[in-house]
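S.K.: Below are the structure tokens for one structure; questions will follow.
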Protein chains: 2
Amino acid sequence: MLNTLDEVLLMGPGPSSVHPRVYKALAMPTMGHLDAQFLALMDKLKENLKDLMATKNEATIALSATGSSGMEAVLVNLIEENEPMLIITNGFFSERMVDVASRLGAKVDVLEFPWGKHADPGEITKKLKEKPYKLVGMVHAETSTGVLNPIAEIGPLVRSMGAYFIVDAVTSFGGNELRVDDFCIDALYSCSQKCLGCPSGLSPVSFSDRAMEKIAARKKKVPNFYLDMTLLMKYWSGSPRAYHHTAPANMYFALYEALNLILEEGHDRVKARHIETHEYLVQSLEKMGLSMLVEKPWRLPNLNTVLIPDGVEDFAVRKELRATHKIEIGAGLGSLAGKIWRIGIMGHTGRKENVDTLLAALKKILG
Amino acid sequence: MLNTLDEVLLMGPGPSSVHPRVYKALAMPTMGHLDAQFLALMDKLKENLKDLMATKNEATIALSATGSSGMEAVLVNLIEENEPMLIITNGFFSERMVDVASRLGAKVDVLEFPWGKHADPGEITKKLKEKPYKLVGMVHAETSTGVLNPIAEIGPLVRSMGAYFIVDAVTSFGGNELRVDDFCIDALYSCSQKCLGCPSGLSPVSFSDRAMEKIAARKKKVPNFYLDMTLLMKYWSGSPRAYHHTAPANMYFALYEALNLILEEGHDRVKARHIETHEYLVQSLEKMGLSMLVEKPWRLPNLNTVLIPDGVEDFAVRKELRATHKIEIGAGLGSLAGKIWRIGIMGHTGRKENVDTLLAALKKILG
């Protein structure tokens, strides 16, 4: 059955395609989770994550589960029962944050912006004055709509009110400007399989010192042993390192190599490549008569939401792309289902030659 | 840095060494988590897990995180606040279960047996009559002590009292006799990196129909979105399959291939191989004048706890094994630290030639 799987050019909302060096790292001989060589690799992985996130946060690690576990981890560590939390929504993943935080006992208020529009700092300022929120959560890059939210402006507003600022950077980390300390972020989570160009399986997270102090001062233990940051930090940097779980060593090898590739190319160059590829994609789509969902200033370079032209059948086009051309693009989610395609140019996928391949195929199908 | 990592013969408590075919599968081109080919592979993975677990449970899947997340998942789905739970302890991992269940709000009673001894069905019967426990949890194969608990006898006792029987099969699944339905198990979790011979990163779990009914009847949502079995089942077998998280496709490829290897060799043969290798190891160790911690009837074949002879320094021996001979064995945990070594012969590691390699090295070191 494994022999019959296609090699697919992954141009959806993630996973993205993976560089051969990352696959090579993934398949290296596995190692014990307390082996001195492996612990040294974790140290280096942590330093590289801090570097790419532009943070001094000591609590910067990769969780041994996918990006969705990052949302769980940040919320379960930081929320204590009945704490007031504001969640700013403008898409599928910020709405999911409402569900996750509510399950964990937060008293959640929602400040809602329309899907496809950005979160407006002026409105947020007003809302923050209504109540002394303990936590404020939002999504940096909304994978469901292709909007990049202005978190660099919002972070300092939240910090000035004394709340903890929680950011979903699942789709932005690696590909977009994201400076954890400068943006006043207290807790952030991401994933391995989008702009970092590694397969899915890990979730990089970072907690500020004040966030870690909040966790240390909890009245009750974190109601999630697997994702308890105090225990995870004893494994990542305790002296001696304390066993917590059996780290998925091969996924760590792969992430380590994926970060190496970004550092070798230069992080600024990688971010610029995402923007250049995005501009090339949009120009090419517009030449074909297609148009974008999101207004220009708020477009997320790495995940492009294209309006499906009238009379074109969404599923038939995606099916043909996948079956004949071995290319995956994403469908719309929720109220955008059937109305948009989501074209990812993240990580290793984010190159002009891949845009050319996709557009040649799309032209054949659309005629 | 990756180039400087050693290839280690893994004879500790897990991870175990991995067959080349599993590495090859791990490094296959990654795939979208909703790709029809990938969903078909998940179907087959589920069928193979059911086959190897000897269960008809529809809710038999692999969680996208390590074995420790399996303990979390089983407990967070099944526990509702203040429910009385009995946990039978005789080692590190059953004691951990007490912590995890308590964090989740269960009212936990503990029936304690000494480390290195088995859980006694007679004592358990008495304890079960004291209180109408809703849940009973225990560990099948205690990795910390090398004891195999008689769960085949205990399961029917628990079922007859109407409680839900929760079993940690992290170290037993794949290598020991484990018949989920016959043993009256309501929820079980395991890992990928021990007797299944895959790298760490996934946790096979299985829930009985009555366990899934208990979850469906919960008063509050499961306070863990990432591990919510109702949502996971919509992804694993919904119609249409509903997105929940981005499955770590490459880990699934590897687990799929690891299960194929077991099915090709024959599951009974694999279990017999673990016993044969264990007997060969014990005989060889005894010839060297070493002796075992656990009495013969309760020895766990796949994880062997050897008493460290007087005058031999634990750490120095393990360090020399790893540095000079590139072999990992495990240290003792908790009260057994410095007193025992833990020698794993699990999965692909469980072969006589590996025992020979280890013993030749041990003889050189011990002189």
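So you can find residues: chains in the structure tokens are A, B, ... in the order shown, residues in each start at 1, and ligands are numbered from 1 in order.
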Taking only C-alpha atoms into account, produce a table as JSON lines in which each residue of chain B with an atom at most 7 Å from an atom of chain A appears once, together with its shortest atom pair and the distance in Å to one decimal, ordered by chain and rising number.
M.R.:
{"residue": "B:Leu5", "atom": "CA", "partner": "A:Gln37", "partner_atom": "CA", "distance": 6.5}
{"residue": "B:Glu7", "atom": "CA", "partner": "A:Pro29", "partner_atom": "CA", "distance": 5.7}
{"residue": "B:Val8", "atom": "CA", "partner": "A:Met31", "partner_atom": "CA", "distance": 6.8}
{"residue": "B:Pro15", "atom": "CA", "partner": "A:Gly32", "partner_atom": "CA", "distance": 6.1}
{"residue": "B:Tyr23", "atom": "CA", "partner": "A:Ala27", "partner_atom": "CA", "distance": 5.0}
{"residue": "B:Lys24", "atom": "CA", "partner": "A:Ala27", "partner_atom": "CA", "distance": 6.9}
{"residue": "B:Leu26", "atom": "CA", "partner": "A:Ala27", "partner_atom": "CA", "distance": 6.3}
{"residue": "B:Ala27", "atom": "CA", "partner": "A:Tyr23", "partner_atom": "CA", "distance": 5.0}
{"residue": "B:Pro29", "atom": "CA", "partner": "A:Glu7", "partner_atom": "CA", "distance": 5.7}
{"residue": "B:Thr30", "atom": "CA", "partner": "A:Pro199", "partner_atom": "CA", "distance": 6.5}
{"residue": "B:Met31", "atom": "CA", "partner": "A:Val8", "partner_atom": "CA", "distance": 6.8}
{"residue": "B:Gly32", "atom": "CA", "partner": "A:Pro15", "partner_atom": "CA", "distance": 6.1}
{"residue": "B:Gln37", "atom": "CA", "partner": "A:Leu5", "partner_atom": "CA", "distance": 6.5}
{"residue": "B:Ser64", "atom": "CA", "partner": "A:Ala65", "partner_atom": "CA", "distance": 6.0}
{"residue": "B:Ala65", "atom": "CA", "partner": "A:Ala65", "partner_atom": "CA", "distance": 4.7}
{"residue": "B:Thr66", "atom": "CA", "partner": "A:Thr246", "partner_atom": "CA", "distance": 6.8}
{"residue": "B:Ser68", "atom": "CA", "partner": "A:His245", "partner_atom": "CA", "distance": 6.0}
{"residue": "B:Ser69", "atom": "CA", "partner": "A:Tyr226", "partner_atom": "CA", "distance": 5.8}
{"residue": "B:Glu72", "atom": "CA", "partner": "A:Tyr226", "partner_atom": "CA", "distance": 6.7}
{"residue": "B:Val100", "atom": "CA", "partner": "A:Phe225", "partner_atom": "CA", "distance": 5.9}
{"residue": "B:Arg103", "atom": "CA", "partner": "A:Pro223", "partner_atom": "CA", "distance": 4.9}
{"residue": "B:Leu104", "atom": "CA", "partner": "A:Pro223", "partner_atom": "CA", "distance": 5.6}
{"residue": "B:Pro199", "atom": "CA", "partner": "A:Thr30", "partner_atom": "CA", "distance": 6.5}
{"residue": "B:Ser200", "atom": "CA", "partner": "A:Pro248", "partner_atom": "CA", "distance": 4.4}
{"residue": "B:Gly201", "atom": "CA", "partner": "A:Pro248", "partner_atom": "CA", "distance": 4.7}
{"residue": "B:Lys221", "atom": "CA", "partner": "A:Arg103", "partner_atom": "CA", "distance": 6.4}
{"residue": "B:Pro223", "atom": "CA", "partner": "A:Arg103", "partner_atom": "CA", "distance": 4.9}
{"residue": "B:Phe225", "atom": "CA", "partner": "A:Val100", "partner_atom": "CA", "distance": 5.9}
{"residue": "B:Tyr226", "atom": "CA", "partner": "A:Ser69", "partner_atom": "CA", "distance": 5.8}
{"residue": "B:His245", "atom": "CA", "partner": "A:Ser68", "partner_atom": "CA", "distance": 6.0}
{"residue": "B:Thr246", "atom": "CA", "partner": "A:Ser200", "partner_atom": "CA", "distance": 6.6}
{"residue": "B:Ala247", "atom": "CA", "partner": "A:Ser200", "partner_atom": "CA", "distance": 6.6}
{"residue": "B:Pro248", "atom": "CA", "partner": "A:Ser200", "partner_atom": "CA", "distance": 4.4}
{"residue": "B:Ala249", "atom": "CA", "partner": "A:Ser200", "partner_atom": "CA", "distance": 6.8}
{"residue": "B:Asn250", "atom": "CA", "partner": "A:Pro199", "partner_atom": "CA", "distance": 6.9}
S.K.: Would you please extract all strand (DSSP E) residues from stretch 200-347 of chain A, as assigned by DSSP on the backbone, and give them as a list in words?
M.R.: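 So, restricting stretch 200-347 of chain A to strand (DSSP E), we get Ser203, Pro204, Val205, Ser206, Phe207, Leu303, Asn304, Thr305, Val306, Leu307, Ile327, Glu328, Gly330, Ala331, Ile340, Trp341, Arg342, Ile343 and Gly344 of chain A.
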S.K.: Could you check the closest approach to A:Phe165 for each of A:Ile262, A:Leu75, A:Leu359, A:Ala242 and tell me which residue wins, using only C-alpha atoms?
M.R.: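 Closest residue, counting only C-alpha atoms: A:Leu75.
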S.K.: Give me, as a PDB file with N, CA, C and O atoms, in the first residue's frame, all polymer residues having an atom no more than 6 Å from stretch 144-160 of chain B, counting only C-alpha atoms and skipping those fewer than 4 positions away in the same chain.
M.R.:
ATOM      1  N   GLY B  91       4.568   0.220  40.574  1.00  0.00           N
ATOM      2  CA  GLY B  91       5.699   0.739  39.824  1.00  0.00           C
ATOM      3  C   GLY B  91       5.494   2.195  39.445  1.00  0.00           C
ATOM      4  O   GLY B  91       4.486   2.814  39.791  1.00  0.00           O
ATOM      5  N   PHE B  92       6.464   2.730  38.726  1.00  0.00           N
ATOM      6  CA  PHE B  92       6.526   4.150  38.372  1.00  0.00           C
ATOM      7  C   PHE B  92       5.327   4.595  37.544  1.00  0.00           C
ATOM      8  O   PHE B  92       4.762   5.664  37.776  1.00  0.00           O
ATOM      9  N   GLY B 116       8.289  -4.449  41.948  1.00  0.00           N
ATOM     10  CA  GLY B 116       8.972  -5.716  41.679  1.00  0.00           C
ATOM     11  C   GLY B 116       8.075  -6.922  41.943  1.00  0.00           C
ATOM     12  O   GLY B 116       8.417  -8.043  41.589  1.00  0.00           O
ATOM     13  N   HIS B 118       3.960  -8.588  41.672  1.00  0.00           N
ATOM     14  CA  HIS B 118       2.785  -8.462  40.787  1.00  0.00           C
ATOM     15  C   HIS B 118       1.562  -8.011  41.579  1.00  0.00           C
ATOM     16  O   HIS B 118       1.523  -8.109  42.807  1.00  0.00           O
ATOM     17  N   ALA B 119       0.566  -7.517  40.861  1.00  0.00           N
ATOM     18  CA  ALA B 119      -0.724  -7.157  41.462  1.00  0.00           C
ATOM     19  C   ALA B 119      -1.518  -8.445  41.670  1.00  0.00           C
ATOM     20  O   ALA B 119      -1.681  -9.235  40.732  1.00  0.00           O
ATOM     21  N   PRO B 121      -4.744 -10.711  42.209  1.00  0.00           N
ATOM     22  CA  PRO B 121      -6.190 -10.676  41.949  1.00  0.00           C
ATOM     23  C   PRO B 121      -7.042 -10.850  43.211  1.00  0.00           C
ATOM     24  O   PRO B 121      -8.123 -10.249  43.310  1.00  0.00           O
ATOM     25  N   HIS B 140      -0.238  -3.008  32.554  1.00  0.00           N
ATOM     26  CA  HIS B 140      -0.050  -4.409  32.175  1.00  0.00           C
ATOM     27  C   HIS B 140       1.414  -4.816  32.407  1.00  0.00           C
ATOM     28  O   HIS B 140       1.686  -5.691  33.211  1.00  0.00           O
ATOM     29  N   PHE B 183      -9.974  -9.914  27.549  1.00  0.00           N
ATOM     30  CA  PHE B 183      -9.507  -9.473  28.870  1.00  0.00           C
ATOM     31  C   PHE B 183     -10.451  -8.427  29.486  1.00  0.00           C
ATOM     32  O   PHE B 183     -10.148  -7.864  30.543  1.00  0.00           O
ATOM     33  N   CYS B 184     -11.580  -8.149  28.812  1.00  0.00           N
ATOM     34  CA  CYS B 184     -12.582  -7.190  29.325  1.00  0.00           C
ATOM     35  C   CYS B 184     -11.987  -5.800  29.572  1.00  0.00           C
ATOM     36  O   CYS B 184     -12.288  -5.152  30.587  1.00  0.00           O
ATOM     37  N   TRP B 298       6.433 -13.952  37.212  1.00  0.00           N
ATOM     38  CA  TRP B 298       5.920 -12.596  36.931  1.00  0.00           C
ATOM     39  C   TRP B 298       6.853 -11.779  36.074  1.00  0.00           C
ATOM     40  O   TRP B 298       6.640 -10.585  35.877  1.00  0.00           O
ATOM     41  N   ARG B 299       7.890 -12.431  35.546  1.00  0.00           N
ATOM     42  CA  ARG B 299       8.843 -11.680  34.722  1.00  0.00           C
ATOM     43  C   ARG B 299       8.228 -11.267  33.398  1.00  0.00           C
ATOM     44  O   ARG B 299       7.616 -12.065  32.699  1.00  0.00           O
ATOM     45  N   LEU B 300       8.475 -10.030  33.059  1.00  0.00           N
ATOM     46  CA  LEU B 300       8.077  -9.456  31.777  1.00  0.00           C
ATOM     47  C   LEU B 300       9.164  -9.817  30.768  1.00  0.00           C
ATOM     48  O   LEU B 300      10.310  -9.369  30.912  1.00  0.00           O
ATOM     49  N   LEU B 303      11.177  -6.766  28.970  1.00  0.00           N
ATOM     50  CA  LEU B 303      11.962  -5.776  29.719  1.00  0.00           C
ATOM     51  C   LEU B 303      12.469  -6.468  30.975  1.00  0.00           C
ATOM     52  O   LEU B 303      11.686  -6.814  31.879  1.00  0.00           O
ATOM     53  N   ASN B 304      13.767  -6.659  31.014  1.00  0.00           N
ATOM     54  CA  ASN B 304      14.389  -7.510  32.028  1.00  0.00           C
ATOM     55  C   ASN B 304      15.139  -6.680  33.055  1.00  0.00           C
ATOM     56  O   ASN B 304      16.019  -5.904  32.701  1.00  0.00           O
ATOM     57  N   THR B 305      14.767  -6.858  34.321  1.00  0.00           N
ATOM     58  CA  THR B 305      15.416  -6.085  35.382  1.00  0.00           C
ATOM     59  C   THR B 305      16.444  -6.975  36.087  1.00  0.00           C
ATOM     60  O   THR B 305      16.101  -7.983  36.702  1.00  0.00           O
TER      61      THR B 305
END
S.K.: When DSSP is applied to the backbone of this structure, which of stretch 112-355 of chain A are assigned alpha helix (DSSP H)? Write them out as a ChimeraX atom specification.
M.R.: /A:121-128,151-160,209-216,229-237,249-265,267-287,314-325,352-355
S.K.: Any chance you could export the current selection's C-alpha atoms as a tab-separated table (two decimals), in the first residue's frame?
M.R.:
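Dumped to out.tsv:
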chain	number	residue	atom	x	y	z
A	121	PRO	CA	-6.57	47.56	16.77
A	122	GLY	CA	-8.95	50.49	17.42
A	123	GLU	CA	-11.89	48.18	18.15
A	124	ILE	CA	-9.63	45.99	20.30
A	125	THR	CA	-8.50	48.99	22.38
A	126	LYS	CA	-12.15	49.83	23.11
A	127	LYS	CA	-12.98	46.27	24.06
A	128	LEU	CA	-9.96	45.93	26.36
A	151	ILE	CA	-0.28	41.56	16.06
A	152	ALA	CA	2.75	43.87	16.26
A	153	GLU	CA	0.32	46.68	17.07
A	154	ILE	CA	-2.03	44.65	19.24
A	155	GLY	CA	0.58	43.06	21.53
A	156	PRO	CA	1.65	46.32	23.19
A	157	LEU	CA	-2.03	47.28	23.73
A	158	VAL	CA	-2.66	44.00	25.55
A	159	ARG	CA	0.55	44.30	27.59
A	160	SER	CA	-0.36	47.86	28.64
A	209	ASP	CA	9.03	34.64	31.81
A	210	ARG	CA	5.90	36.31	33.16
A	211	ALA	CA	3.76	33.57	31.60
A	212	MET	CA	5.93	30.93	33.29
A	213	GLU	CA	5.57	32.80	36.59
A	214	LYS	CA	1.79	32.71	36.19
A	215	ILE	CA	1.99	28.94	35.65
A	216	ALA	CA	4.27	28.49	38.68
A	229	MET	CA	5.16	23.22	30.85
A	230	THR	CA	6.77	22.98	34.29
A	231	LEU	CA	7.40	19.25	33.73
A	232	LEU	CA	8.43	19.77	30.11
A	233	MET	CA	11.01	22.37	31.17
A	234	LYS	CA	12.53	19.87	33.60
A	235	TYR	CA	13.06	17.58	30.63
A	236	TRP	CA	14.27	20.31	28.22
A	237	SER	CA	16.59	22.11	30.64
A	249	ALA	CA	13.59	11.62	18.30
A	250	ASN	CA	13.21	11.29	14.54
A	251	MET	CA	10.74	14.17	14.34
A	252	TYR	CA	13.22	16.27	16.33
A	253	PHE	CA	15.99	15.32	13.85
A	254	ALA	CA	13.75	16.47	10.99
A	255	LEU	CA	12.78	19.74	12.64
A	256	TYR	CA	16.41	20.41	13.50
A	257	GLU	CA	17.38	19.99	9.84
A	258	ALA	CA	14.41	22.08	8.62
A	259	LEU	CA	15.54	24.96	10.87
A	260	ASN	CA	19.11	24.52	9.61
A	261	LEU	CA	17.88	25.01	6.05
A	262	ILE	CA	16.17	28.27	7.05
A	263	LEU	CA	19.24	29.51	8.92
A	264	GLU	CA	21.52	28.61	6.01
A	265	GLU	CA	19.32	30.45	3.50
A	267	HIS	CA	15.63	33.94	7.78
A	268	ASP	CA	15.15	37.34	6.15
A	269	ARG	CA	15.72	35.82	2.73
A	270	VAL	CA	13.18	33.07	3.50
A	271	LYS	CA	10.56	35.65	4.50
A	272	ALA	CA	11.35	37.71	1.39
A	273	ARG	CA	11.01	34.56	-0.74
A	274	HIS	CA	7.52	34.01	0.65
A	275	ILE	CA	6.54	37.58	-0.31
A	276	GLU	CA	8.12	37.39	-3.78
A	277	THR	CA	6.44	34.05	-4.50
A	278	HIS	CA	3.13	35.46	-3.25
A	279	GLU	CA	3.37	38.51	-5.51
A	280	TYR	CA	4.25	36.33	-8.47
A	281	LEU	CA	1.31	34.04	-7.71
A	282	VAL	CA	-1.20	36.89	-7.35
A	283	GLN	CA	-0.04	38.59	-10.57
A	284	SER	CA	-0.28	35.29	-12.42
A	285	LEU	CA	-3.74	34.53	-11.05
A	286	GLU	CA	-4.95	38.00	-11.92
A	287	LYS	CA	-3.63	37.60	-15.48
A	314	ASP	CA	-14.78	23.65	-6.76
A	315	PHE	CA	-14.46	19.94	-6.10
A	316	ALA	CA	-14.07	18.90	-9.74
A	317	VAL	CA	-11.11	21.25	-10.19
A	318	ARG	CA	-9.35	20.13	-7.00
A	319	LYS	CA	-9.97	16.50	-7.85
A	320	GLU	CA	-8.49	16.92	-11.33
A	321	LEU	CA	-5.49	18.80	-9.93
A	322	ARG	CA	-4.80	15.99	-7.48
A	323	ALA	CA	-5.54	13.04	-9.76
A	324	THR	CA	-3.94	14.18	-13.02
A	325	HIS	CA	-1.35	16.70	-11.89
A	352	LYS	CA	8.23	30.37	-8.33
A	353	GLU	CA	8.71	27.07	-10.15
A	354	ASN	CA	5.96	25.51	-8.04
A	355	VAL	CA	3.65	28.44	-8.86
S.K.: Need to verify the contact set: A:Gly338, 10 Å, only C-alpha atoms, exclusion of same-chain residues closer than 4 positions in sequence. Can you return it as an NGL selection string?
M.R.: :A and (307-308 or 312-315 or 331-334)
S.K.: Take atom CA of A:Leu135 and atom CA of A:Ile185 and report the distance between them in Å, one decimal.
M.R.: 11.2 Å
S.K.: Skipping near chain neighbours, those fewer than 5 positions away, what residues fall within 7 Å of B:Ile166 using only C-alpha atoms, listed as a PyMOL selection string?
M.R.: chain B and resi 136-138+185-188
S.K.: Kindly save the residues from that selection, with N, CA, C and O atoms included, as a PDB file, in the first residue's frame.
M.R.:
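Saved file part11.pdb follows:
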ATOM      1  N   VAL B 136     -11.331   1.567  37.031  1.00  0.00           N
ATOM      2  CA  VAL B 136     -10.199   0.871  37.639  1.00  0.00           C
ATOM      3  C   VAL B 136      -9.042   0.904  36.639  1.00  0.00           C
ATOM      4  O   VAL B 136      -9.218   0.515  35.477  1.00  0.00           O
ATOM      5  N   GLY B 137      -7.900   1.396  37.089  1.00  0.00           N
ATOM      6  CA  GLY B 137      -6.762   1.512  36.183  1.00  0.00           C
ATOM      7  C   GLY B 137      -5.554   0.742  36.672  1.00  0.00           C
ATOM      8  O   GLY B 137      -5.320   0.659  37.881  1.00  0.00           O
ATOM      9  N   MET B 138      -4.805   0.197  35.732  1.00  0.00           N
ATOM     10  CA  MET B 138      -3.562  -0.473  36.098  1.00  0.00           C
ATOM     11  C   MET B 138      -2.636  -0.596  34.888  1.00  0.00           C
ATOM     12  O   MET B 138      -3.040  -0.359  33.758  1.00  0.00           O
ATOM     13  N   ILE B 185     -11.160  -5.360  28.630  1.00  0.00           N
ATOM     14  CA  ILE B 185     -10.550  -4.028  28.738  1.00  0.00           C
ATOM     15  C   ILE B 185     -11.477  -2.995  28.096  1.00  0.00           C
ATOM     16  O   ILE B 185     -11.967  -3.195  26.991  1.00  0.00           O
ATOM     17  N   ASP B 186     -11.717  -1.885  28.805  1.00  0.00           N
ATOM     18  CA  ASP B 186     -12.571  -0.825  28.260  1.00  0.00           C
ATOM     19  C   ASP B 186     -11.777   0.283  27.591  1.00  0.00           C
ATOM     20  O   ASP B 186     -12.309   0.998  26.742  1.00  0.00           O
ATOM     21  N   ALA B 187     -10.546   0.483  28.017  1.00  0.00           N
ATOM     22  CA  ALA B 187      -9.712   1.486  27.358  1.00  0.00           C
ATOM     23  C   ALA B 187      -8.254   1.120  27.573  1.00  0.00           C
ATOM     24  O   ALA B 187      -7.855   0.762  28.685  1.00  0.00           O
ATOM     25  N   LEU B 188      -7.518   1.196  26.503  1.00  0.00           N
ATOM     26  CA  LEU B 188      -6.119   0.777  26.506  1.00  0.00           C
ATOM     27  C   LEU B 188      -5.290   1.774  25.711  1.00  0.00           C
ATOM     28  O   LEU B 188      -5.755   2.346  24.740  1.00  0.00           O
TER      29      LEU B 188
END
S.K.: Give the answer as one residue: which of A:Val110, A:Met53, A:Ala163, A:Val139 has the shortest atom-to-atom distance to A:Leu178, using only C-alpha atoms?
M.R.: A:Met53
S.K.: Please indicate the distance in Å from atom CA of A:Asn57 to atom CA of A:Ile345, rounded to one decimal place.
M.R.: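 Spanning atom CA of A:Asn57 to atom CA of A:Ile345 is a straight-line distance of 29.0 Å.
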S.K.: So that I can check the surroundings of A:Pro132, please list as a list in words every protein, DNA and RNA residue that reaches within 10 Å of it, counting only C-alpha atoms and ignoring chain neighbours fewer than 6 positions away.
M.R.: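 Residues near the query, excluding close chain neighbours: Glu83, Pro84, Met85, Leu86, Met161, Gly162 and Ala163 of chain A.
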S.K.: Using the selection just defined, write its residues with N, CA and C atoms as a CSV table (one decimal), in the first residue's frame.
M.R.:
chain,number,residue,atom,x,y,z
A,83,GLU,N,-11.2,32.5,34.9
A,83,GLU,CA,-10.5,33.7,34.5
A,83,GLU,C,-11.1,34.3,33.2
A,84,PRO,N,-11.3,35.6,33.2
A,84,PRO,CA,-11.8,36.3,32.0
A,84,PRO,C,-10.8,36.3,30.9
A,85,MET,N,-11.3,35.9,29.8
A,85,MET,CA,-10.4,35.9,28.6
A,85,MET,C,-11.1,36.5,27.4
A,86,LEU,N,-10.4,37.3,26.6
A,86,LEU,CA,-10.9,37.9,25.4
A,86,LEU,C,-10.3,37.1,24.2
A,161,MET,N,-2.5,46.8,29.3
A,161,MET,CA,-3.6,46.5,30.1
A,161,MET,C,-3.3,45.5,31.2
A,162,GLY,N,-2.1,44.9,31.1
A,162,GLY,CA,-1.7,43.9,32.1
A,162,GLY,C,-2.1,42.5,31.8
A,163,ALA,N,-2.8,42.3,30.7
A,163,ALA,CA,-3.2,40.9,30.3
A,163,ALA,C,-2.1,40.1,29.6
S.K.: Which residues come within 7 Å of A:Val98, counting only C-alpha atoms, excluding same-chain residues fewer than 4 positions away, as a PDB file with N, CA, C and O atoms, in the first residue's frame?
M.R.:
ATOM      1  N   ILE A  87     -11.130  36.625  23.332  1.00  0.00           N
ATOM      2  CA  ILE A  87     -10.600  36.015  22.111  1.00  0.00           C
ATOM      3  C   ILE A  87     -11.097  36.824  20.916  1.00  0.00           C
ATOM      4  O   ILE A  87     -12.290  37.099  20.782  1.00  0.00           O
ATOM      5  N   SER A  94      -9.429  30.925  15.167  1.00  0.00           N
ATOM      6  CA  SER A  94      -9.719  31.732  16.353  1.00  0.00           C
ATOM      7  C   SER A  94     -11.037  31.271  16.973  1.00  0.00           C
ATOM      8  O   SER A  94     -11.195  31.279  18.194  1.00  0.00           O
ATOM      9  N   SER A 102     -12.946  27.491  26.420  1.00  0.00           N
ATOM     10  CA  SER A 102     -14.178  27.277  27.188  1.00  0.00           C
ATOM     11  C   SER A 102     -14.159  25.909  27.866  1.00  0.00           C
ATOM     12  O   SER A 102     -14.564  25.770  29.023  1.00  0.00           O
ATOM     13  N   VAL A 108     -15.021  33.209  28.581  1.00  0.00           N
ATOM     14  CA  VAL A 108     -14.573  33.775  27.310  1.00  0.00           C
ATOM     15  C   VAL A 108     -15.538  34.817  26.764  1.00  0.00           C
ATOM     16  O   VAL A 108     -16.740  34.565  26.660  1.00  0.00           O
TER      17      VAL A 108
END
